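Reproduced below: start_4.txt, with compact mmCIF, C-alpha atoms.
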```
# COMPACT_ATOMS: atom_id res chain seq x y z
CA MET A 1 28.31 -1.54 -33.13
CA GLY A 2 27.29 -4.35 -30.81
CA ALA A 3 27.36 -2.01 -27.83
CA TYR A 4 24.74 0.22 -29.46
CA LEU A 5 22.35 -2.61 -30.35
CA PRO A 6 20.26 -2.30 -27.12
CA ILE A 7 19.90 1.44 -27.72
CA LEU A 8 18.80 0.81 -31.30
CA ILE A 9 16.25 -1.78 -30.16
CA TYR A 10 14.95 0.63 -27.52
CA LEU A 11 14.71 3.46 -30.09
CA VAL A 12 12.77 1.25 -32.50
CA ALA A 13 10.44 0.15 -29.68
CA VAL A 14 9.78 3.76 -28.59
CA ILE A 15 9.12 4.99 -32.12
CA GLY A 16 6.91 1.95 -32.78
CA PHE A 17 4.92 2.52 -29.59
CA ALA A 18 4.44 6.20 -30.44
CA ALA A 19 3.33 5.38 -34.00
CA VAL A 20 0.89 2.70 -32.83
CA SER A 21 -0.48 5.01 -30.11
CA LEU A 22 -1.15 7.74 -32.66
CA LEU A 23 -2.53 5.57 -35.49
CA LEU A 24 -4.61 3.00 -33.57
CA PRO A 25 -7.34 5.43 -32.42
CA HIS A 26 -7.86 6.58 -36.01
CA LEU A 27 -8.39 2.98 -37.11
CA VAL A 28 -10.48 1.69 -34.20
CA ALA A 29 -12.41 4.67 -32.79
CA PRO A 30 -15.99 5.20 -33.96
CA ARG A 31 -16.68 8.34 -35.95
CA LYS A 32 -19.99 10.14 -35.81
CA ASN A 33 -19.90 13.88 -36.34
CA THR A 34 -22.81 15.60 -34.69
CA LYS A 35 -23.70 19.25 -34.36
CA VAL A 36 -22.53 19.29 -30.74
CA LYS A 37 -19.18 17.61 -31.51
CA VAL A 38 -18.16 20.12 -34.16
CA MET A 39 -19.18 23.12 -32.01
CA PRO A 40 -16.29 25.11 -30.48
CA TYR A 41 -15.63 24.23 -26.84
CA GLU A 42 -14.95 27.04 -24.37
CA SER A 43 -14.22 25.54 -20.94
CA GLY A 44 -17.68 24.07 -20.55
CA MET A 45 -19.52 27.26 -21.46
CA ASP A 46 -21.33 28.04 -24.67
CA PRO A 47 -19.26 30.45 -26.79
CA ILE A 48 -21.20 33.71 -26.77
CA GLY A 49 -19.89 36.99 -28.15
CA ASP A 50 -16.47 37.98 -29.37
CA ALA A 51 -13.43 36.05 -28.11
CA ARG A 52 -11.17 39.09 -28.49
CA LYS A 53 -12.21 41.03 -25.41
CA PRO A 54 -9.52 43.18 -23.79
CA PHE A 55 -8.21 41.90 -20.46
CA ASP A 56 -7.80 44.08 -17.42
CA VAL A 57 -4.21 45.17 -16.80
CA LYS A 58 -4.26 43.47 -13.40
CA PHE A 59 -4.21 40.06 -15.08
CA TYR A 60 -0.95 40.98 -16.77
CA LEU A 61 0.48 42.42 -13.56
CA MET A 62 -0.34 39.19 -11.73
CA ALA A 63 1.35 37.18 -14.48
CA ILE A 64 4.46 39.34 -14.25
CA MET A 65 4.51 38.98 -10.46
CA PHE A 66 4.28 35.21 -10.87
CA LEU A 67 7.26 35.25 -13.21
CA VAL A 68 9.27 37.45 -10.83
CA PHE A 69 8.70 35.16 -7.88
CA ASP A 70 9.26 32.09 -10.02
CA VAL A 71 12.67 33.44 -11.03
CA GLU A 72 13.32 34.28 -7.37
CA LEU A 73 12.72 30.67 -6.42
CA MET A 74 15.01 29.56 -9.24
CA PHE A 75 17.83 31.58 -7.62
CA LEU A 76 17.04 30.84 -3.97
CA TYR A 77 16.68 27.07 -4.11
CA PRO A 78 20.20 26.25 -5.45
CA TRP A 79 21.70 28.79 -3.05
CA ALA A 80 19.97 27.19 -0.07
CA VAL A 81 21.03 23.70 -1.13
CA SER A 82 24.65 24.70 -1.75
CA LEU A 83 24.78 26.66 1.51
CA THR A 84 24.00 23.57 3.59
CA ALA A 85 26.09 21.13 1.53
CA ALA A 86 29.59 20.27 2.70
CA ASP A 87 31.11 20.75 -0.76
CA GLY A 88 28.94 23.78 -1.63
CA ILE A 89 29.93 27.38 -1.05
CA PRO A 90 33.35 27.69 0.63
CA PHE A 91 33.13 28.71 4.27
CA ASP A 92 35.02 32.00 3.74
CA TYR A 93 32.54 33.19 1.10
CA ARG A 94 29.33 32.23 2.91
CA PRO A 95 28.80 35.59 4.67
CA ILE A 96 29.27 37.52 1.42
CA VAL A 97 26.94 35.25 -0.51
CA PHE A 98 24.41 35.43 2.33
CA CYS A 99 24.47 39.26 2.26
CA VAL A 100 24.01 39.30 -1.52
CA MET A 101 21.09 36.91 -1.30
CA MET A 102 19.48 38.90 1.53
CA PHE A 103 19.79 42.05 -0.62
CA PHE A 104 18.07 40.12 -3.42
CA VAL A 105 15.27 38.95 -1.11
CA ILE A 106 14.78 42.42 0.41
CA THR A 107 14.52 43.91 -3.09
CA LEU A 108 11.84 41.39 -3.99
CA VAL A 109 9.96 41.99 -0.73
CA LEU A 110 9.97 45.72 -1.47
CA ALA A 111 8.64 45.02 -4.97
CA TYR A 112 5.93 42.83 -3.45
CA LEU A 113 4.96 45.57 -0.98
CA VAL A 114 4.82 48.21 -3.72
CA ASP A 115 2.54 45.95 -5.76
CA TYR A 116 0.40 45.25 -2.71
CA PHE A 117 -0.11 48.92 -1.91
CA LYS A 118 -0.82 49.74 -5.57
CA GLY A 119 -3.65 47.19 -5.43
CA VAL A 120 -2.29 44.61 -7.86
CA PHE A 121 -3.56 41.74 -5.71
CA ASP A 122 -6.97 43.29 -4.94
CA TRP A 123 -8.91 42.66 -8.12
CA ARG A 124 -12.22 43.88 -6.78
CA ARG A 125 -10.96 47.39 -5.98
CA LYS A 126 -11.89 49.97 -8.59
```
Would you kindly transcribe this structure into structure tokens?
Amino acid sequence: MGAYLPILIYLVAVIGFAAVSLLLPHLVAPRKNTKVKVMPYESGMDPIGDARKPFDVKFYLMAIMFLVFDVELMFLYPWAVSLTAADGIPFDYRPIVFCVMMFFVITLVLAYLVDYFKGVFDWRRK
């Protein structure tokens, strides 16, 4: 039990700091509700009209493209690090892994080109 005493002290200190950080502003901060303070805030603009306007499909396509290329980076970065490391991919398997990764990259480049020619990235085109 003595070995866990520093962890217990640290846990109590962290929980205490979090509790004090959350409760202290409620005790010390001044409160004065005005008409402006209780008004909804919309990124610095006055809220006018309905908030449930339909978005253009291109916003969704751009979000999907972001996710695709984010996942691509998640696969490419560890491969690149393990390819250059001494204890990474065994030397005999490096050409095979390289070909598989190039197939993956070429597939994504083709997807990017298809999206480009369909006008996903040109939001002003009608």
To one decimal place in Å, what is the distance between CA of Val68 (chain A) and CA of Met101 (chain A)?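 Between CA of Val68 (chain A) and CA of Met101 (chain A) the gap is 15.2 Å.
Residue nearest Leu73 (chain A) within the list A:Leu108, A:Ile7, A:Val57, A:Val114: A:Leu108 [criterion: smallest interatomic distance, only C-alpha atoms].
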Go through A:Phe121, A:Tyr4, A:Phe17, A:Phe75 one by one, measure the shortest atom-to-atom distance of each to Ala63 (chain A) using only C-alpha atoms, and give the residue with the smallest value.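 Residue with the minimum atom-to-atom distance to Ala63 (chain A): A:Phe121.
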*asked:* So the first atom is CA of Val100 (chain A) and the second is CA of Trp79 (chain A); what is the distance between them in Å, to one decimal place?
replied: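 Going from CA of Val100 (chain A) over to CA of Trp79 (chain A) covers 10.9 Å.
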- Please measure the separation of CA of Val105 (chain A) and CA of Leu76 (chain A), giving the value in Å to one decimal.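 Distance reported for this atom pair: 8.8 Å.
Distances from A:Leu83, A:Ile64, A:Met39, A:Ala13 to Phe98 (chain A) were compared using all atoms listed in the file, and the smallest one belongs to A:Leu83.
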